[in-house]
$ cat start19.pdb   # PDB, C-alpha atoms
ATOM      1  CA  MET A   1       0.000   0.000   0.000  1.00  0.00           C
ATOM      2  CA  ALA A   2       1.511   3.270  -1.145  1.00  0.00           C
ATOM      3  CA  PRO A   3       0.500   5.418   1.889  1.00  0.00           C
ATOM      4  CA  VAL A   4       2.056   2.911   4.291  1.00  0.00           C
ATOM      5  CA  ALA A   5       5.196   2.599   2.145  1.00  0.00           C
ATOM      6  CA  VAL A   6       5.638   6.389   2.293  1.00  0.00           C
ATOM      7  CA  PHE A   7       5.240   6.282   6.075  1.00  0.00           C
ATOM      8  CA  PHE A   8       7.831   3.495   6.371  1.00  0.00           C
ATOM      9  CA  GLN A   9      10.243   5.443   4.156  1.00  0.00           C
ATOM     10  CA  GLU A  10       9.896   8.439   6.464  1.00  0.00           C
ATOM     11  CA  LEU A  11      10.549   6.284   9.518  1.00  0.00           C
ATOM     12  CA  LEU A  12      13.627   4.686   7.974  1.00  0.00           C
ATOM     13  CA  ALA A  13      14.920   8.072   6.808  1.00  0.00           C
ATOM     14  CA  ALA A  14      14.577   9.308  10.393  1.00  0.00           C
ATOM     15  CA  GLY A  15      16.853   6.471  11.512  1.00  0.00           C
ATOM     16  CA  LYS A  16      14.271   4.153  13.053  1.00  0.00           C
ATOM     17  CA  ALA A  17      15.434   0.566  13.485  1.00  0.00           C
ATOM     18  CA  ALA A  18      13.591  -2.415  12.022  1.00  0.00           C
ATOM     19  CA  ALA A  19      11.856  -3.381  15.296  1.00  0.00           C
ATOM     20  CA  PRO A  20       9.965  -0.094  15.772  1.00  0.00           C
ATOM     21  CA  VAL A  21       9.050   0.004  12.086  1.00  0.00           C
ATOM     22  CA  ARG A  22       7.605  -3.510  12.425  1.00  0.00           C
ATOM     23  CA  SER A  23       5.690  -2.431  15.524  1.00  0.00           C
ATOM     24  CA  TYR A  24       4.291   0.569  13.660  1.00  0.00           C
ATOM     25  CA  GLY A  25       3.351  -1.755  10.817  1.00  0.00           C
ATOM     26  CA  MET A  26       1.351  -3.970  13.170  1.00  0.00           C
ATOM     27  CA  ASP A  27      -0.540  -0.915  14.424  1.00  0.00           C
ATOM     28  CA  LEU A  28      -1.302   0.132  10.848  1.00  0.00           C
ATOM     29  CA  LEU A  29      -2.372  -3.406   9.965  1.00  0.00           C
ATOM     30  CA  ARG A  30      -4.903  -3.449  12.815  1.00  0.00           C
ATOM     31  CA  TRP A  31      -6.243  -0.068  11.644  1.00  0.00           C
ATOM     32  CA  TRP A  32      -6.443  -1.180   8.007  1.00  0.00           C
ATOM     33  CA  ARG A  33      -8.311  -4.348   8.970  1.00  0.00           C
ATOM     34  CA  PHE A  34     -10.735  -2.319  11.063  1.00  0.00           C
ATOM     35  CA  LEU A  35     -11.317   0.128   8.196  1.00  0.00           C
ATOM     36  CA  HIS A  36     -11.890  -2.773   5.820  1.00  0.00           C
ATOM     37  CA  ALA A  37     -14.466  -4.261   8.202  1.00  0.00           C
ATOM     38  CA  VAL A  38     -16.384  -0.979   8.449  1.00  0.00           C
ATOM     39  CA  GLU A  39     -15.894  -0.270   4.729  1.00  0.00           C
ATOM     40  CA  VAL A  40     -14.168   3.098   5.094  1.00  0.00           C
ATOM     41  CA  PRO A  41     -11.199   4.099   2.903  1.00  0.00           C
ATOM     42  CA  TRP A  42      -8.133   5.183   4.895  1.00  0.00           C
ATOM     43  CA  ASP A  43      -8.226   8.710   3.517  1.00  0.00           C
ATOM     44  CA  ARG A  44     -11.935   9.105   4.336  1.00  0.00           C
ATOM     45  CA  ALA A  45     -11.646   8.042   7.975  1.00  0.00           C
ATOM     46  CA  MET A  46     -13.168  10.493  10.414  1.00  0.00           C
ATOM     47  CA  ARG A  47     -12.932  11.025  14.156  1.00  0.00           C
ATOM     48  CA  VAL A  48     -15.957   8.829  14.743  1.00  0.00           C
ATOM     49  CA  ASP A  49     -14.097   5.970  13.023  1.00  0.00           C
ATOM     50  CA  ALA A  50     -11.060   6.592  15.221  1.00  0.00           C
ATOM     51  CA  ARG A  51     -13.316   6.590  18.292  1.00  0.00           C
ATOM     52  CA  ASP A  52     -14.907   3.313  17.219  1.00  0.00           C
ATOM     53  CA  PHE A  53     -11.461   1.811  16.592  1.00  0.00           C
ATOM     54  CA  SER A  54     -10.305   2.882  20.048  1.00  0.00           C
ATOM     55  CA  CYS A  55     -13.378   1.281  21.619  1.00  0.00           C
ATOM     56  CA  TRP A  56     -12.910  -1.870  19.533  1.00  0.00           C
ATOM     57  CA  ILE A  57      -9.219  -2.355  20.333  1.00  0.00           C
ATOM     58  CA  GLN A  58      -9.868  -1.965  24.063  1.00  0.00           C
ATOM     59  CA  ARG A  59     -12.560  -4.663  24.043  1.00  0.00           C
ATOM     60  CA  THR A  60     -11.352  -7.169  21.458  1.00  0.00           C
ATOM     61  CA  VAL A  61      -9.515 -10.406  22.078  1.00  0.00           C
ATOM     62  CA  LYS A  62      -6.174 -10.263  20.318  1.00  0.00           C
ATOM     63  CA  PRO A  63      -5.403 -13.031  17.848  1.00  0.00           C
ATOM     64  CA  ARG A  64      -2.724 -15.560  18.656  1.00  0.00           C
ATOM     65  CA  ALA A  65      -0.175 -16.599  16.040  1.00  0.00           C
ATOM     66  CA  THR A  66      -0.192 -20.318  16.782  1.00  0.00           C
ATOM     67  CA  ALA A  67      -1.805 -22.787  19.124  1.00  0.00           C
ATOM     68  CA  GLY A  68       1.605 -23.280  20.749  1.00  0.00           C
ATOM     69  CA  LYS A  69       1.628 -19.675  21.948  1.00  0.00           C
ATOM     70  CA  ARG A  70      -1.774 -19.831  23.630  1.00  0.00           C
ATOM     71  CA  ARG A  71      -1.681 -19.530  27.381  1.00  0.00           C
ATOM     72  CA  LEU A  72      -3.824 -21.570  29.682  1.00  0.00           C
ATOM     73  CA  ALA A  73      -6.668 -19.591  31.205  1.00  0.00           C
ATOM     74  CA  ARG A  74      -5.389 -20.263  34.713  1.00  0.00           C
ATOM     75  CA  THR A  75      -1.994 -18.686  33.992  1.00  0.00           C
ATOM     76  CA  VAL A  76      -3.277 -15.402  32.562  1.00  0.00           C
ATOM     77  CA  GLY A  77      -2.329 -12.604  34.941  1.00  0.00           C
ATOM     78  CA  ALA A  78      -0.079 -14.841  37.047  1.00  0.00           C
ATOM     79  CA  PRO A  79       3.463 -13.547  37.543  1.00  0.00           C
ATOM     80  CA  ASN A  80       6.297 -15.184  35.644  1.00  0.00           C
ATOM     81  CA  PRO A  81       8.495 -16.959  38.226  1.00  0.00           C
ATOM     82  CA  VAL A  82      11.683 -15.753  36.495  1.00  0.00           C
ATOM     83  CA  THR A  83      10.908 -12.170  35.433  1.00  0.00           C
ATOM     84  CA  GLY A  84       8.101 -11.298  37.840  1.00  0.00           C
ATOM     85  CA  LYS A  85       6.082  -9.815  34.973  1.00  0.00           C
ATOM     86  CA  THR A  86       2.433 -10.770  34.709  1.00  0.00           C
ATOM     87  CA  THR A  87       1.420 -12.853  31.719  1.00  0.00           C
ATOM     88  CA  PRO A  88      -0.552 -10.954  29.123  1.00  0.00           C
ATOM     89  CA  GLY A  89      -4.294 -11.156  29.171  1.00  0.00           C
ATOM     90  CA  PRO A  90      -6.541 -11.986  26.229  1.00  0.00           C
ATOM     91  CA  GLY A  91      -6.966  -8.358  25.147  1.00  0.00           C
ATOM     92  CA  TYR A  92      -4.614  -5.586  24.126  1.00  0.00           C
ATOM     93  CA  ALA A  93      -2.739  -3.832  26.923  1.00  0.00           C
ATOM     94  CA  PRO A  94      -3.480  -0.143  27.567  1.00  0.00           C
ATOM     95  CA  SER A  95       0.056   0.649  26.405  1.00  0.00           C
ATOM     96  CA  THR A  96      -0.664  -1.051  23.065  1.00  0.00           C
ATOM     97  CA  VAL A  97      -3.866   0.963  22.662  1.00  0.00           C
ATOM     98  CA  ALA A  98      -2.008   4.216  23.382  1.00  0.00           C
ATOM     99  CA  HIS A  99       0.855   3.228  21.071  1.00  0.00           C
ATOM    100  CA  SER A 100      -1.574   2.460  18.239  1.00  0.00           C
ATOM    101  CA  GLU A 101      -3.244   5.833  18.560  1.00  0.00           C
ATOM    102  CA  THR A 102       0.126   7.601  18.591  1.00  0.00           C
ATOM    103  CA  VAL A 103       1.336   5.759  15.492  1.00  0.00           C
ATOM    104  CA  LEU A 104      -1.899   6.437  13.628  1.00  0.00           C
ATOM    105  CA  ARG A 105      -1.776  10.115  14.618  1.00  0.00           C
ATOM    106  CA  ARG A 106       1.766  10.344  13.206  1.00  0.00           C
ATOM    107  CA  PHE A 107       0.709   8.474  10.057  1.00  0.00           C
ATOM    108  CA  TYR A 108      -2.153  10.885   9.395  1.00  0.00           C
ATOM    109  CA  ASP A 109      -0.042  13.931  10.315  1.00  0.00           C
ATOM    110  CA  LEU A 110       2.545  12.895   7.729  1.00  0.00           C
ATOM    111  CA  HIS A 111      -0.049  12.506   4.995  1.00  0.00           C
ATOM    112  CA  ARG A 112      -1.861  15.711   5.959  1.00  0.00           C
ATOM    113  CA  ASP A 113       1.386  17.678   5.783  1.00  0.00           C
ATOM    114  CA  ALA A 114       2.270  16.052   2.435  1.00  0.00           C
ATOM    115  CA  GLY A 115      -1.196  16.796   1.045  1.00  0.00           C
ATOM    116  CA  SER A 116      -1.890  13.130   0.374  1.00  0.00           C
ATOM    117  CA  GLY A 117      -4.351  12.476   3.186  1.00  0.00           C
ATOM    118  CA  PRO A 118      -7.378  14.016   4.877  1.00  0.00           C
ATOM    119  CA  LEU A 119      -7.187  17.578   6.165  1.00  0.00           C
ATOM    120  CA  LEU A 120      -8.423  16.539   9.613  1.00  0.00           C
ATOM    121  CA  ASN A 121      -6.484  13.896  11.499  1.00  0.00           C
ATOM    122  CA  PRO A 122      -8.944  11.263  12.779  1.00  0.00           C
ATOM    123  CA  PHE A 123      -6.649  10.832  15.807  1.00  0.00           C
ATOM    124  CA  PRO A 124      -6.222  14.406  17.085  1.00  0.00           C
ATOM    125  CA  LEU A 125      -3.801  15.160  19.883  1.00  0.00           C
ATOM    126  CA  ASN A 126      -5.718  15.818  23.089  1.00  0.00           C
ATOM    127  CA  LEU A 127      -3.969  18.897  24.443  1.00  0.00           C
ATOM    128  CA  ALA A 128      -6.051  18.826  27.625  1.00  0.00           C
ATOM    129  CA  ARG A 129      -4.026  15.839  28.815  1.00  0.00           C
ATOM    130  CA  ARG A 130      -0.817  17.864  28.446  1.00  0.00           C
ATOM    131  CA  SER A 131      -1.909  20.893  30.445  1.00  0.00           C
ATOM    132  CA  GLY A 132       0.051  21.725  33.531  1.00  0.00           C
ATOM    133  CA  ARG A 133       3.599  20.954  34.538  1.00  0.00           C
ATOM    134  CA  ALA A 134       5.250  17.795  33.238  1.00  0.00           C
ATOM    135  CA  HIS A 135       5.603  15.139  35.968  1.00  0.00           C
ATOM    136  CA  ALA A 136       3.529  17.257  38.344  1.00  0.00           C
ATOM    137  CA  HIS A 137       2.491  14.132  40.233  1.00  0.00           C
ATOM    138  CA  HIS A 138       6.079  13.388  41.322  1.00  0.00           C
ATOM    139  CA  ASN A 139       6.300  15.991  44.088  1.00  0.00           C
ATOM    140  CA  PRO A 140       3.042  16.938  45.802  1.00  0.00           C
ATOM    141  CA  MET A 141       4.811  19.782  47.656  1.00  0.00           C
ATOM    142  CA  GLU A 142       5.377  21.760  44.445  1.00  0.00           C
ATOM    143  CA  ALA A 143       2.671  23.861  42.771  1.00  0.00           C
TER     144      ALA A 143
END
$ encode --input "start19.pdb" --output "structure tokens"
Amino acid sequence: MAPVAVFFQELLAAGKAAAPVRSYGMDLLRWWRFLHAVEVPWDRAMRVDARDFSCWIQRTVKPRATAGKRRLARTVGAPNPVTGKTTPGPGYAPSTVAHSETVLRRFYDLHRDAGSGPLLNPFPLNLARRSGRAHAHHNPMEA
């Protein structure tokens, strides 16, 4: 797909390694599959489509690559005895949801700036979340 290829070229030109580019590709693939399911072209996506995608990705069960990778229901959420990390659940983690929205925002910003995409980004940056001092929660004694 030409729009995705342009995005990947930009990422590689900016010095991104293969792993992040692959991760971005997975986010775009989920978005493209969602758009295909709701029959909306990528350059006609609107904020309501982005909202529906965000709701969908938070509630859906993520696909597993193979039967060998499936975890038993009783081990989901249990800590790994070696690393101490909890095993992933059946859905996408909040960090994955946030990462997807960030990647898609960058994708649409690139195409908007190049004049090859919609004028309005379906994933606008919510400036209300960035109001105030950065890391304000770290020291409650400071204003």
$ closest_residue --input "start19.pdb" --among "A:Thr83, A:Asn126, A:Ser100, A:Gln9" --to "Ile57 in chain A" --atoms "all atoms listed in the file"
A:Ser100
$ resolve_selection --input "start19.pdb" --expression "the PyMOL selection byres ((chain A and resi 25) around 10)" --output "list in words"
Val4, Ala5, Phe7, Phe8, Ala19, Pro20, Val21, Arg22, Ser23, Tyr24, Met26, Asp27, Leu28, Leu29, Arg30, Trp31, Ser100 and Val103 of chain A
$ residues_near_point --input "start19.pdb" --point "(-9.5, -2.2, 2.3)" --cutoff "12 Å" --atoms "all atoms listed in the file" --output "ChimeraX atom specification"
/A:1,29-45
$ atom_distance --input "start19.pdb" --atom1 "CA of Ala14 in chain A" --atom2 "CA of Ala50 in chain A"
26.2 Å
$ closest_residue --input "start19.pdb" --among "A:Ala13, A:Val97, A:Leu110, A:Val82" --to "Arg51 in chain A" --atoms "all atoms listed in the file"
A:Val97
$ atom_distance --input "start19.pdb" --atom1 "CA of Leu119 in chain A" --atom2 "CA of Glu101 in chain A"
17.5 Å
$ resolve_selection --input "start19.pdb" --expression "the PyMOL selection byres ((chain A and resi 108) around 8)" --output "list in words"
Leu104, Arg105, Arg106, Phe107, Asp109, Leu110, His111, Arg112, Gly117, Pro118, Asn121, Pro122 and Phe123 of chain A
$ closest_residue --input "start19.pdb" --among "A:Pro3, A:Lys62, A:Thr102, A:Leu12" --to "Gly115 in chain A" --atoms "all atoms listed in the file"
A:Pro3
$ atom_distance --input "start19.pdb" --atom1 "CA of Ser95 in chain A" --atom2 "CA of Pro124 in chain A"
17.8 Å
$ residues_around --input "start19.pdb" --residues "Thr60 in chain A" --least-positions-apart "2" --cutoff "10 Å" --atoms "all atoms listed in the file" --output "list in words"
Cys55, Trp56, Ile57, Gln58, Lys62, Pro63, Pro90, Gly91 and Tyr92 of chain A
$ decode --input "start19.pdb" --residues "range 17-131 of chain A" --atoms "C-alpha atoms" --output "PDB file, in the first residue's frame"
ATOM      1  CA  ALA A  17      15.434   0.566  13.485  1.00  0.00           C
ATOM      2  CA  ALA A  18      13.591  -2.415  12.022  1.00  0.00           C
ATOM      3  CA  ALA A  19      11.856  -3.381  15.296  1.00  0.00           C
ATOM      4  CA  PRO A  20       9.965  -0.094  15.772  1.00  0.00           C
ATOM      5  CA  VAL A  21       9.050   0.004  12.086  1.00  0.00           C
ATOM      6  CA  ARG A  22       7.605  -3.510  12.425  1.00  0.00           C
ATOM      7  CA  SER A  23       5.690  -2.431  15.524  1.00  0.00           C
ATOM      8  CA  TYR A  24       4.291   0.569  13.660  1.00  0.00           C
ATOM      9  CA  GLY A  25       3.351  -1.755  10.817  1.00  0.00           C
ATOM     10  CA  MET A  26       1.351  -3.970  13.170  1.00  0.00           C
ATOM     11  CA  ASP A  27      -0.540  -0.915  14.424  1.00  0.00           C
ATOM     12  CA  LEU A  28      -1.302   0.132  10.848  1.00  0.00           C
ATOM     13  CA  LEU A  29      -2.372  -3.406   9.965  1.00  0.00           C
ATOM     14  CA  ARG A  30      -4.903  -3.449  12.815  1.00  0.00           C
ATOM     15  CA  TRP A  31      -6.243  -0.068  11.644  1.00  0.00           C
ATOM     16  CA  TRP A  32      -6.443  -1.180   8.007  1.00  0.00           C
ATOM     17  CA  ARG A  33      -8.311  -4.348   8.970  1.00  0.00           C
ATOM     18  CA  PHE A  34     -10.735  -2.319  11.063  1.00  0.00           C
ATOM     19  CA  LEU A  35     -11.317   0.128   8.196  1.00  0.00           C
ATOM     20  CA  HIS A  36     -11.890  -2.773   5.820  1.00  0.00           C
ATOM     21  CA  ALA A  37     -14.466  -4.261   8.202  1.00  0.00           C
ATOM     22  CA  VAL A  38     -16.384  -0.979   8.449  1.00  0.00           C
ATOM     23  CA  GLU A  39     -15.894  -0.270   4.729  1.00  0.00           C
ATOM     24  CA  VAL A  40     -14.168   3.098   5.094  1.00  0.00           C
ATOM     25  CA  PRO A  41     -11.199   4.099   2.903  1.00  0.00           C
ATOM     26  CA  TRP A  42      -8.133   5.183   4.895  1.00  0.00           C
ATOM     27  CA  ASP A  43      -8.226   8.710   3.517  1.00  0.00           C
ATOM     28  CA  ARG A  44     -11.935   9.105   4.336  1.00  0.00           C
ATOM     29  CA  ALA A  45     -11.646   8.042   7.975  1.00  0.00           C
ATOM     30  CA  MET A  46     -13.168  10.493  10.414  1.00  0.00           C
ATOM     31  CA  ARG A  47     -12.932  11.025  14.156  1.00  0.00           C
ATOM     32  CA  VAL A  48     -15.957   8.829  14.743  1.00  0.00           C
ATOM     33  CA  ASP A  49     -14.097   5.970  13.023  1.00  0.00           C
ATOM     34  CA  ALA A  50     -11.060   6.592  15.221  1.00  0.00           C
ATOM     35  CA  ARG A  51     -13.316   6.590  18.292  1.00  0.00           C
ATOM     36  CA  ASP A  52     -14.907   3.313  17.219  1.00  0.00           C
ATOM     37  CA  PHE A  53     -11.461   1.811  16.592  1.00  0.00           C
ATOM     38  CA  SER A  54     -10.305   2.882  20.048  1.00  0.00           C
ATOM     39  CA  CYS A  55     -13.378   1.281  21.619  1.00  0.00           C
ATOM     40  CA  TRP A  56     -12.910  -1.870  19.533  1.00  0.00           C
ATOM     41  CA  ILE A  57      -9.219  -2.355  20.333  1.00  0.00           C
ATOM     42  CA  GLN A  58      -9.868  -1.965  24.063  1.00  0.00           C
ATOM     43  CA  ARG A  59     -12.560  -4.663  24.043  1.00  0.00           C
ATOM     44  CA  THR A  60     -11.352  -7.169  21.458  1.00  0.00           C
ATOM     45  CA  VAL A  61      -9.515 -10.406  22.078  1.00  0.00           C
ATOM     46  CA  LYS A  62      -6.174 -10.263  20.318  1.00  0.00           C
ATOM     47  CA  PRO A  63      -5.403 -13.031  17.848  1.00  0.00           C
ATOM     48  CA  ARG A  64      -2.724 -15.560  18.656  1.00  0.00           C
ATOM     49  CA  ALA A  65      -0.175 -16.599  16.040  1.00  0.00           C
ATOM     50  CA  THR A  66      -0.192 -20.318  16.782  1.00  0.00           C
ATOM     51  CA  ALA A  67      -1.805 -22.787  19.124  1.00  0.00           C
ATOM     52  CA  GLY A  68       1.605 -23.280  20.749  1.00  0.00           C
ATOM     53  CA  LYS A  69       1.628 -19.675  21.948  1.00  0.00           C
ATOM     54  CA  ARG A  70      -1.774 -19.831  23.630  1.00  0.00           C
ATOM     55  CA  ARG A  71      -1.681 -19.530  27.381  1.00  0.00           C
ATOM     56  CA  LEU A  72      -3.824 -21.570  29.682  1.00  0.00           C
ATOM     57  CA  ALA A  73      -6.668 -19.591  31.205  1.00  0.00           C
ATOM     58  CA  ARG A  74      -5.389 -20.263  34.713  1.00  0.00           C
ATOM     59  CA  THR A  75      -1.994 -18.686  33.992  1.00  0.00           C
ATOM     60  CA  VAL A  76      -3.277 -15.402  32.562  1.00  0.00           C
ATOM     61  CA  GLY A  77      -2.329 -12.604  34.941  1.00  0.00           C
ATOM     62  CA  ALA A  78      -0.079 -14.841  37.047  1.00  0.00           C
ATOM     63  CA  PRO A  79       3.463 -13.547  37.543  1.00  0.00           C
ATOM     64  CA  ASN A  80       6.297 -15.184  35.644  1.00  0.00           C
ATOM     65  CA  PRO A  81       8.495 -16.959  38.226  1.00  0.00           C
ATOM     66  CA  VAL A  82      11.683 -15.753  36.495  1.00  0.00           C
ATOM     67  CA  THR A  83      10.908 -12.170  35.433  1.00  0.00           C
ATOM     68  CA  GLY A  84       8.101 -11.298  37.840  1.00  0.00           C
ATOM     69  CA  LYS A  85       6.082  -9.815  34.973  1.00  0.00           C
ATOM     70  CA  THR A  86       2.433 -10.770  34.709  1.00  0.00           C
ATOM     71  CA  THR A  87       1.420 -12.853  31.719  1.00  0.00           C
ATOM     72  CA  PRO A  88      -0.552 -10.954  29.123  1.00  0.00           C
ATOM     73  CA  GLY A  89      -4.294 -11.156  29.171  1.00  0.00           C
ATOM     74  CA  PRO A  90      -6.541 -11.986  26.229  1.00  0.00           C
ATOM     75  CA  GLY A  91      -6.966  -8.358  25.147  1.00  0.00           C
ATOM     76  CA  TYR A  92      -4.614  -5.586  24.126  1.00  0.00           C
ATOM     77  CA  ALA A  93      -2.739  -3.832  26.923  1.00  0.00           C
ATOM     78  CA  PRO A  94      -3.480  -0.143  27.567  1.00  0.00           C
ATOM     79  CA  SER A  95       0.056   0.649  26.405  1.00  0.00           C
ATOM     80  CA  THR A  96      -0.664  -1.051  23.065  1.00  0.00           C
ATOM     81  CA  VAL A  97      -3.866   0.963  22.662  1.00  0.00           C
ATOM     82  CA  ALA A  98      -2.008   4.216  23.382  1.00  0.00           C
ATOM     83  CA  HIS A  99       0.855   3.228  21.071  1.00  0.00           C
ATOM     84  CA  SER A 100      -1.574   2.460  18.239  1.00  0.00           C
ATOM     85  CA  GLU A 101      -3.244   5.833  18.560  1.00  0.00           C
ATOM     86  CA  THR A 102       0.126   7.601  18.591  1.00  0.00           C
ATOM     87  CA  VAL A 103       1.336   5.759  15.492  1.00  0.00           C
ATOM     88  CA  LEU A 104      -1.899   6.437  13.628  1.00  0.00           C
ATOM     89  CA  ARG A 105      -1.776  10.115  14.618  1.00  0.00           C
ATOM     90  CA  ARG A 106       1.766  10.344  13.206  1.00  0.00           C
ATOM     91  CA  PHE A 107       0.709   8.474  10.057  1.00  0.00           C
ATOM     92  CA  TYR A 108      -2.153  10.885   9.395  1.00  0.00           C
ATOM     93  CA  ASP A 109      -0.042  13.931  10.315  1.00  0.00           C
ATOM     94  CA  LEU A 110       2.545  12.895   7.729  1.00  0.00           C
ATOM     95  CA  HIS A 111      -0.049  12.506   4.995  1.00  0.00           C
ATOM     96  CA  ARG A 112      -1.861  15.711   5.959  1.00  0.00           C
ATOM     97  CA  ASP A 113       1.386  17.678   5.783  1.00  0.00           C
ATOM     98  CA  ALA A 114       2.270  16.052   2.435  1.00  0.00           C
ATOM     99  CA  GLY A 115      -1.196  16.796   1.045  1.00  0.00           C
ATOM    100  CA  SER A 116      -1.890  13.130   0.374  1.00  0.00           C
ATOM    101  CA  GLY A 117      -4.351  12.476   3.186  1.00  0.00           C
ATOM    102  CA  PRO A 118      -7.378  14.016   4.877  1.00  0.00           C
ATOM    103  CA  LEU A 119      -7.187  17.578   6.165  1.00  0.00           C
ATOM    104  CA  LEU A 120      -8.423  16.539   9.613  1.00  0.00           C
ATOM    105  CA  ASN A 121      -6.484  13.896  11.499  1.00  0.00           C
ATOM    106  CA  PRO A 122      -8.944  11.263  12.779  1.00  0.00           C
ATOM    107  CA  PHE A 123      -6.649  10.832  15.807  1.00  0.00           C
ATOM    108  CA  PRO A 124      -6.222  14.406  17.085  1.00  0.00           C
ATOM    109  CA  LEU A 125      -3.801  15.160  19.883  1.00  0.00           C
ATOM    110  CA  ASN A 126      -5.718  15.818  23.089  1.00  0.00           C
ATOM    111  CA  LEU A 127      -3.969  18.897  24.443  1.00  0.00           C
ATOM    112  CA  ALA A 128      -6.051  18.826  27.625  1.00  0.00           C
ATOM    113  CA  ARG A 129      -4.026  15.839  28.815  1.00  0.00           C
ATOM    114  CA  ARG A 130      -0.817  17.864  28.446  1.00  0.00           C
ATOM    115  CA  SER A 131      -1.909  20.893  30.445  1.00  0.00           C
TER     116      SER A 131
END
